[in-house]
>>> print(open('data.cif').read())   # mmCIF, C-alpha atoms
data_structure
#
loop_
_atom_site.label_atom_id
_atom_site.label_comp_id
_atom_site.auth_asym_id
_atom_site.auth_seq_id
_atom_site.Cartn_x
_atom_site.Cartn_y
_atom_site.Cartn_z
CA MET I 1 -31.51 19.37 -52.08
CA GLN I 2 -28.96 16.55 -52.24
CA GLN I 3 -29.23 15.88 -48.51
CA ALA I 4 -32.79 14.58 -49.06
CA ASP I 5 -31.57 11.96 -51.52
CA ASP I 6 -28.67 11.08 -49.20
CA PHE I 7 -31.15 10.57 -46.35
CA ARG I 8 -33.28 8.28 -48.49
CA ASP I 9 -30.27 6.28 -49.69
CA GLU I 10 -29.04 5.75 -46.13
CA SER I 11 -32.52 4.68 -45.06
CA LEU I 12 -32.78 2.23 -47.96
CA ALA I 13 -29.39 0.74 -47.04
CA LEU I 14 -30.76 0.09 -43.56
CA HIS I 15 -33.96 -1.35 -45.01
CA ALA I 16 -31.91 -3.80 -47.08
CA ILE I 17 -30.49 -5.48 -43.97
CA LEU I 18 -33.83 -5.45 -42.16
CA ASP I 19 -36.01 -6.81 -44.96
CA PRO I 20 -34.81 -10.45 -44.64
CA LEU I 21 -35.63 -10.58 -40.92
CA ASP I 22 -38.46 -12.61 -39.47
CA GLU I 23 -41.12 -11.14 -37.20
CA ARG I 24 -39.41 -12.50 -34.07
CA HIS I 25 -36.17 -10.66 -34.82
CA PHE I 26 -37.72 -7.25 -34.19
CA THR I 27 -37.83 -7.80 -30.43
CA ALA I 28 -34.08 -8.47 -30.19
CA PRO I 29 -32.32 -5.89 -27.94
CA THR I 30 -29.39 -3.91 -29.30
CA GLY I 31 -26.30 -2.57 -27.53
CA PHE I 32 -27.89 0.89 -27.23
CA LYS I 33 -29.84 1.05 -23.96
CA ASN I 34 -31.30 -2.36 -24.84
CA TRP I 35 -33.52 -0.71 -27.45
CA THR I 36 -35.02 -3.37 -29.69
CA ILE I 37 -35.24 -3.12 -33.46
CA ASN I 38 -38.90 -2.20 -32.93
CA ASP I 39 -37.88 0.65 -30.61
CA ILE I 40 -35.37 1.97 -33.12
CA LEU I 41 -37.74 1.85 -36.08
CA GLN I 42 -40.53 3.48 -34.09
CA HIS I 43 -38.13 6.23 -33.07
CA LEU I 44 -36.89 6.78 -36.63
CA HIS I 45 -40.36 6.71 -38.17
CA TYR I 46 -41.94 9.00 -35.60
CA PHE I 47 -39.24 11.66 -35.84
CA ASN I 48 -39.13 11.37 -39.64
CA TRP I 49 -42.84 12.14 -39.56
CA MET I 50 -42.28 15.01 -37.13
CA ALA I 51 -39.54 16.52 -39.31
CA HIS I 52 -41.81 16.23 -42.36
CA LEU I 53 -44.66 17.81 -40.38
CA SER I 54 -42.42 20.72 -39.37
CA LEU I 55 -41.73 21.33 -43.08
CA THR I 56 -45.31 21.06 -44.29
CA ASP I 57 -47.53 22.09 -41.35
CA ALA I 58 -45.82 24.02 -38.55
CA ASP I 59 -49.00 24.31 -36.45
CA ALA I 60 -49.63 20.57 -36.59
CA PHE I 61 -46.01 19.97 -35.58
CA THR I 62 -46.40 22.21 -32.53
CA THR I 63 -49.59 20.39 -31.48
CA GLU I 64 -48.07 16.94 -31.92
CA TYR I 65 -44.84 17.85 -30.15
CA ALA I 66 -46.82 19.08 -27.14
CA ALA I 67 -48.83 15.84 -27.09
CA MET I 68 -45.69 13.71 -27.20
CA ASN I 69 -44.15 15.78 -24.40
CA ARG I 70 -47.21 15.21 -22.23
CA HIS I 71 -46.71 11.46 -22.59
CA SER I 72 -43.04 11.82 -21.75
CA GLU I 73 -43.70 14.01 -18.71
CA GLY I 74 -46.24 11.49 -17.49
CA GLY I 75 -43.43 9.24 -16.32
CA ASN I 76 -42.75 7.51 -19.64
CA ASN I 77 -39.32 7.35 -21.20
CA LEU I 78 -38.86 8.50 -24.78
CA VAL I 79 -39.33 5.01 -26.21
CA LYS I 80 -42.69 4.61 -24.46
CA ALA I 81 -43.79 8.17 -25.25
CA VAL I 82 -43.13 7.65 -28.96
CA ALA I 83 -44.89 4.28 -28.97
CA LEU I 84 -47.95 5.90 -27.42
CA ARG I 85 -48.12 8.42 -30.27
CA LEU I 86 -48.00 5.76 -33.00
CA PRO I 87 -50.91 3.55 -34.11
CA GLU I 88 -51.41 0.60 -31.78
CA GLY I 89 -49.69 -2.55 -32.94
CA LEU I 90 -47.23 -0.81 -35.28
CA VAL I 91 -44.36 -3.26 -34.79
CA GLY I 92 -42.42 -5.86 -36.74
CA ARG I 93 -42.91 -6.22 -40.48
CA LYS I 94 -45.83 -3.79 -40.49
CA LEU I 95 -43.64 -1.14 -38.85
CA LEU I 96 -40.81 -1.82 -41.28
CA ASP I 97 -43.13 -1.39 -44.28
CA THR I 98 -44.69 1.77 -42.83
CA TRP I 99 -41.29 3.36 -42.19
CA ARG I 100 -40.09 2.38 -45.68
CA ASP I 101 -43.18 3.64 -47.50
CA TYR I 102 -43.07 7.00 -45.73
CA LEU I 103 -39.56 7.70 -47.02
CA ASP I 104 -40.83 8.48 -50.54
CA PRO I 105 -43.24 11.38 -49.87
CA MET I 106 -40.96 12.78 -47.18
CA THR I 107 -37.92 12.76 -49.45
CA ALA I 108 -39.87 14.34 -52.32
CA ASP I 109 -41.01 17.25 -50.16
CA PHE I 110 -37.58 17.91 -48.70
CA ALA I 111 -35.89 17.57 -52.09
CA SER I 112 -38.07 20.33 -53.53
CA ALA I 113 -37.95 22.60 -50.45
CA ASP I 114 -35.93 25.79 -50.11
CA PRO I 115 -32.80 24.58 -48.24
CA LYS I 116 -32.77 27.81 -46.22
CA ALA I 117 -36.45 27.70 -45.21
CA ARG I 118 -36.85 27.80 -41.42
CA VAL I 119 -38.61 24.89 -39.76
CA LYS I 120 -39.58 24.24 -36.16
CA TRP I 121 -37.98 21.62 -33.94
CA ALA I 122 -37.62 20.77 -30.26
CA GLY I 123 -35.03 23.49 -29.75
CA PRO I 124 -34.43 26.56 -31.91
CA ASP I 125 -35.77 26.67 -35.45
CA MET I 126 -33.40 25.32 -38.09
CA SER I 127 -33.06 25.30 -41.86
CA ALA I 128 -34.75 22.62 -43.95
CA ARG I 129 -31.29 21.44 -45.00
CA SER I 130 -30.24 21.06 -41.34
CA SER I 131 -33.47 19.22 -40.57
CA ILE I 132 -33.02 16.53 -43.21
CA THR I 133 -29.31 16.27 -42.39
CA ALA I 134 -30.27 15.58 -38.78
CA ARG I 135 -32.59 12.80 -39.98
CA LEU I 136 -29.73 11.33 -42.03
CA MET I 137 -27.48 11.47 -38.95
CA GLU I 138 -30.07 9.75 -36.73
CA THR I 139 -30.74 7.08 -39.35
CA TRP I 140 -27.03 6.37 -39.66
CA ALA I 141 -26.38 6.41 -35.90
CA HIS I 142 -29.37 4.33 -34.79
CA GLY I 143 -28.96 2.13 -37.83
CA HIS I 144 -25.51 1.19 -36.63
CA GLU I 145 -27.02 -0.39 -33.55
CA ILE I 146 -28.78 -2.79 -35.90
CA TYR I 147 -25.65 -3.47 -37.95
CA ASP I 148 -23.86 -4.35 -34.70
CA LEU I 149 -26.72 -6.57 -33.54
CA LEU I 150 -26.72 -8.48 -36.82
CA GLY I 151 -22.93 -8.79 -36.79
CA LEU I 152 -22.61 -6.96 -40.12
CA GLU I 153 -19.70 -4.85 -41.34
CA ARG I 154 -21.11 -1.59 -42.64
CA GLN I 155 -19.91 -0.28 -46.00
CA ASP I 156 -20.23 3.49 -45.72
CA GLN I 157 -20.66 5.77 -48.72
CA ASP I 158 -19.53 9.36 -49.23
CA ARG I 159 -22.96 10.63 -48.19
CA ILE I 160 -21.65 10.47 -44.62
CA ARG I 161 -19.86 13.73 -45.44
CA ASN I 162 -23.13 15.34 -44.30
CA ILE I 163 -22.70 13.76 -40.87
CA ALA I 164 -19.01 14.65 -40.67
CA HIS I 165 -19.86 18.25 -41.55
CA LEU I 166 -22.50 18.28 -38.83
CA GLY I 167 -19.92 16.92 -36.40
CA VAL I 168 -17.53 19.74 -37.25
CA ASN I 169 -20.27 22.37 -37.04
CA THR I 170 -21.21 21.21 -33.53
CA PHE I 171 -17.67 21.57 -32.14
CA GLY I 172 -18.78 24.57 -30.07
CA TRP I 173 -22.06 22.91 -29.06
CA THR I 174 -20.17 20.05 -27.39
CA PHE I 175 -18.69 22.50 -24.88
CA ILE I 176 -21.60 24.97 -24.60
CA ASN I 177 -23.93 22.07 -23.82
CA ARG I 178 -21.73 21.24 -20.83
CA GLY I 179 -21.54 24.82 -19.60
CA GLU I 180 -17.90 25.11 -20.65
CA GLU I 181 -16.12 27.86 -22.53
CA VAL I 182 -15.54 26.97 -26.17
CA PRO I 183 -11.78 26.57 -26.73
CA GLN I 184 -10.27 28.37 -29.70
CA PRO I 185 -9.38 27.81 -32.40
CA MET I 186 -11.28 24.74 -33.52
CA PRO I 187 -8.89 21.89 -34.35
CA HIS I 188 -8.04 21.19 -37.97
CA VAL I 189 -9.97 18.13 -39.15
CA ARG I 190 -8.58 15.87 -41.90
CA LEU I 191 -10.65 12.82 -42.81
CA THR I 192 -10.40 10.11 -45.43
CA ALA I 193 -13.74 9.48 -47.11
CA PRO I 194 -15.04 5.98 -47.95
CA SER I 195 -14.10 6.73 -51.58
CA GLY I 196 -10.54 7.63 -50.58
CA GLU I 197 -11.06 11.37 -51.09
CA VAL I 198 -9.62 13.61 -48.38
CA TRP I 199 -11.96 16.05 -46.62
CA GLU I 200 -10.67 18.93 -44.51
CA TRP I 201 -12.17 21.55 -42.23
CA GLY I 202 -10.52 24.47 -40.44
CA GLU I 203 -7.11 26.01 -40.72
CA PRO I 204 -3.93 23.99 -40.13
CA HIS I 205 -3.17 24.15 -36.43
CA VAL I 206 -1.29 22.35 -33.66
CA ASP I 207 -4.62 20.82 -32.61
CA ARG I 208 -5.69 18.25 -35.19
CA VAL I 209 -8.12 15.38 -35.67
CA ILE I 210 -7.04 12.83 -38.27
CA GLY I 211 -8.63 9.57 -39.37
CA THR I 212 -11.39 8.08 -41.48
CA ALA I 213 -14.69 9.84 -41.95
CA SER I 214 -16.51 6.74 -40.69
CA ASP I 215 -14.57 6.73 -37.42
CA PHE I 216 -15.14 10.47 -36.98
CA CYS I 217 -18.89 10.00 -37.49
CA HIS I 218 -18.87 7.20 -34.90
CA VAL I 219 -17.25 9.51 -32.36
CA VAL I 220 -19.46 12.58 -32.90
CA CYS I 221 -22.62 10.41 -32.97
CA GLN I 222 -21.42 8.48 -29.89
CA THR I 223 -21.81 5.09 -31.53
CA ARG I 224 -18.24 4.25 -30.54
CA ASN I 225 -15.77 5.48 -27.95
CA VAL I 226 -12.86 7.26 -29.62
CA ALA I 227 -10.55 4.66 -28.05
CA ASP I 228 -12.28 2.00 -30.17
CA THR I 229 -11.49 3.86 -33.40
CA ALA I 230 -8.34 4.75 -35.29
CA ILE I 231 -8.95 8.50 -34.85
CA ARG I 232 -5.70 10.32 -34.01
CA THR I 233 -5.77 13.53 -31.99
CA GLU I 234 -2.94 16.03 -31.67
CA GLY I 235 -3.19 18.78 -29.07
CA PRO I 236 -5.29 19.16 -25.90
CA VAL I 237 -8.34 20.74 -27.55
CA ALA I 238 -8.62 17.97 -30.14
CA GLN I 239 -8.20 15.32 -27.46
CA ARG I 240 -10.90 16.80 -25.21
CA TRP I 241 -13.30 17.35 -28.12
CA MET I 242 -13.08 13.75 -29.26
CA ALA I 243 -13.56 12.55 -25.68
CA LEU I 244 -16.86 14.45 -25.37
CA ALA I 245 -18.10 15.08 -28.93
CA GLN I 246 -21.87 15.22 -29.37
CA CYS I 247 -23.41 16.29 -32.67
CA PHE I 248 -27.03 15.76 -31.61
CA ALA I 249 -29.39 17.92 -29.56
CA GLY I 250 -30.46 17.28 -25.99
CA PRO I 251 -28.66 17.29 -22.65
CA PRO I 252 -24.99 16.28 -22.46
CA ARG I 253 -24.53 12.58 -23.11
CA THR I 254 -21.54 10.53 -22.02
CA PRO I 255 -19.98 8.57 -24.90
CA PRO I 256 -20.06 4.78 -24.55
CA ALA I 257 -17.25 3.34 -22.47
CA PRO I 258 -14.39 1.73 -24.43
CA GLY I 259 -15.26 -1.74 -25.67
CA THR I 260 -18.98 -1.51 -24.91
CA ARG I 261 -20.25 -0.76 -28.44
CA THR I 262 -18.91 -3.37 -30.82
CA LYS I 263 -20.04 -5.56 -33.67
CA GLY I 264 -21.74 -8.65 -32.26
CA PRO I 265 -21.77 -12.26 -33.49
CA GLY I 266 -25.21 -11.92 -35.07
CA LEU I 267 -28.66 -13.01 -33.94
CA SER I 268 -28.98 -16.37 -32.21
CA SER I 269 -31.51 -18.97 -33.26
CA THR I 270 -33.77 -17.88 -30.39
CA HIS I 271 -34.50 -14.56 -32.09
#
>>> encode(input="data.cif", output="structure tokens")
Amino acid sequence: MQQADDFRDESLALHAILDPLDERHFTAPTGFKNWTINDILQHLHYFNWMAHLSLTDADAFTTEYAAMNRHSEGGNNLVKAVALRLPEGLVGRKLLDTWRDYLDPMTADFASADPKARVKWAGPDMSARSSITARLMETWAHGHEIYDLLGLERQDQDRIRNIAHLGVNTFGWTFINRGEEVPQPMPHVRLTAPSGEVWEWGEPHVDRVIGTASDFCHVVCQTRNVADTAIRTEGPVAQRWMALAQCFAGPPRTPPAPGTRTKGPGLSSTH
């Protein structure tokens, strides 16, 4: 399953920019809800583990998910609930190494799995391929918070096609999640890949979304407001979709306001 290798490669790209950091850097807050690098890595590692558990031991997944929910319902936010489910003191370099080491067995199991096998998750069951694609999407999206914090320009690879495809597939979800009727037909999507290849979805139509695959992924993952990208929309459905797009599960989320999610100057000497 190629998506497993793509997930691992994206994770290793993130590890490459984190590995030079000192222990003190992991407490630096990012532009996403002030989550620190520790918060982000705990979130990624915990839900990587949960996705792997759902593939290999469905009963254990159900038990662990219920335990995490109990922490969350006890007045903790998701960051705190996740931290409570991880070993005490799993932060900084130790957390980075733990997250990195876990990628290998997880990737191996997903790579050899039946892509169509059904696995449990927070909402409806999904395919193993969808599960690992969701982990790739989360790694890319939350990873970008760290790229921004460090003031780095990300060099995307064509593996983000998985995320773009997920963004297209969740066109209807964006509206259903808000209790709205899904407009038809879905806009035609034409994206330029990092390699320069052109990717297209849907039939040619008056409603169109045109731009780079990277910008499209930013919009559907809500790591950028569409106004801060070079995405071009033609037609009312395309315009509304890009204003609300949400490729991830959970309640409706409002995209970041224009200008609020940008590449920063890098870490100061105090971090």
>>> axis_aligned_box(input="data.cif", around="range 219-233 of chain I", padding_each_side="6 Å", output="JSON")
{"center_x": -14.2, "center_y": 7.8, "center_z": -31.6, "size_x": 28.9, "size_y": 23.5, "size_z": 19.3}
>>> resolve_selection(input="data.cif", expression="the PyMOL selection byres ((chain I and resi 189-193) around 9)", output="VMD selection string")
chain I and resid 156 to 158 160 to 161 164 168 186 to 188 194 to 204 207 to 214 216
>>> atom_distance(input="data.cif", atom1="CA of Thr139 in chain I", atom2="CA of Leu14 in chain I")
8.2 Å
>>> residues_around(input="data.cif", residues="Asp59 in chain I", least_positions_apart="4", cutoff="12 Å", atoms="only C-alpha atoms", output="PyMOL selection string")
chain I and resi 50+53-55+63-66+119-121
>>> resolve_selection(input="data.cif", expression="the PyMOL selection byres ((chain I and resi 39) around 12)", output="JSON, numbers by chain")
{"I": [26, 27, 28, 29, 30, 32, 33, 34, 35, 36, 37, 38, 40, 41, 42, 43, 44, 45, 46, 77, 78, 79, 80, 81, 82, 83, 84, 86, 90, 91, 92, 95, 96, 142, 143, 145, 146]}
>>> write_last_selection(input="data.cif", atoms="C-alpha atoms", output="PDB file, in the frame of the given file")
ATOM      1  CA  PHE I  26     -37.720  -7.250 -34.190  1.00  0.00           C
ATOM      2  CA  THR I  27     -37.830  -7.800 -30.430  1.00  0.00           C
ATOM      3  CA  ALA I  28     -34.080  -8.470 -30.190  1.00  0.00           C
ATOM      4  CA  PRO I  29     -32.320  -5.890 -27.940  1.00  0.00           C
ATOM      5  CA  THR I  30     -29.390  -3.910 -29.300  1.00  0.00           C
ATOM      6  CA  PHE I  32     -27.890   0.890 -27.230  1.00  0.00           C
ATOM      7  CA  LYS I  33     -29.840   1.050 -23.960  1.00  0.00           C
ATOM      8  CA  ASN I  34     -31.300  -2.360 -24.840  1.00  0.00           C
ATOM      9  CA  TRP I  35     -33.520  -0.710 -27.450  1.00  0.00           C
ATOM     10  CA  THR I  36     -35.020  -3.370 -29.690  1.00  0.00           C
ATOM     11  CA  ILE I  37     -35.240  -3.120 -33.460  1.00  0.00           C
ATOM     12  CA  ASN I  38     -38.900  -2.200 -32.930  1.00  0.00           C
ATOM     13  CA  ILE I  40     -35.370   1.970 -33.120  1.00  0.00           C
ATOM     14  CA  LEU I  41     -37.740   1.850 -36.080  1.00  0.00           C
ATOM     15  CA  GLN I  42     -40.530   3.480 -34.090  1.00  0.00           C
ATOM     16  CA  HIS I  43     -38.130   6.230 -33.070  1.00  0.00           C
ATOM     17  CA  LEU I  44     -36.890   6.780 -36.630  1.00  0.00           C
ATOM     18  CA  HIS I  45     -40.360   6.710 -38.170  1.00  0.00           C
ATOM     19  CA  TYR I  46     -41.940   9.000 -35.600  1.00  0.00           C
ATOM     20  CA  ASN I  77     -39.320   7.350 -21.200  1.00  0.00           C
ATOM     21  CA  LEU I  78     -38.860   8.500 -24.780  1.00  0.00           C
ATOM     22  CA  VAL I  79     -39.330   5.010 -26.210  1.00  0.00           C
ATOM     23  CA  LYS I  80     -42.690   4.610 -24.460  1.00  0.00           C
ATOM     24  CA  ALA I  81     -43.790   8.170 -25.250  1.00  0.00           C
ATOM     25  CA  VAL I  82     -43.130   7.650 -28.960  1.00  0.00           C
ATOM     26  CA  ALA I  83     -44.890   4.280 -28.970  1.00  0.00           C
ATOM     27  CA  LEU I  84     -47.950   5.900 -27.420  1.00  0.00           C
ATOM     28  CA  LEU I  86     -48.000   5.760 -33.000  1.00  0.00           C
ATOM     29  CA  LEU I  90     -47.230  -0.810 -35.280  1.00  0.00           C
ATOM     30  CA  VAL I  91     -44.360  -3.260 -34.790  1.00  0.00           C
ATOM     31  CA  GLY I  92     -42.420  -5.860 -36.740  1.00  0.00           C
ATOM     32  CA  LEU I  95     -43.640  -1.140 -38.850  1.00  0.00           C
ATOM     33  CA  LEU I  96     -40.810  -1.820 -41.280  1.00  0.00           C
ATOM     34  CA  HIS I 142     -29.370   4.330 -34.790  1.00  0.00           C
ATOM     35  CA  GLY I 143     -28.960   2.130 -37.830  1.00  0.00           C
ATOM     36  CA  GLU I 145     -27.020  -0.390 -33.550  1.00  0.00           C
ATOM     37  CA  ILE I 146     -28.780  -2.790 -35.900  1.00  0.00           C
TER      38      ILE I 146
END
>>> resolve_selection(input="data.cif", expression="the PyMOL selection byres ((chain I and resi 2) around 10)", output="list of chain:residue names")
I:Met1, I:Gln3, I:Ala4, I:Asp5, I:Asp6, I:Phe7, I:Phe110, I:Ala111, I:Ser112, I:Pro115, I:Arg129, I:Ile132, I:Thr133, I:Arg159, I:Asn162
>>> atom_distance(input="data.cif", atom1="CA of Thr174 in chain I", atom2="CA of Trp241 in chain I")
7.4 Å
>>> atom_distance(input="data.cif", atom1="CA of Trp49 in chain I", atom2="CA of Ala245 in chain I")
27.1 Å
>>> closest_residue(input="data.cif", among="I:Asp104, I:Asp97, I:Thr56, I:Ala134", to="Leu18 in chain I", atoms="only C-alpha atoms")
I:Asp97
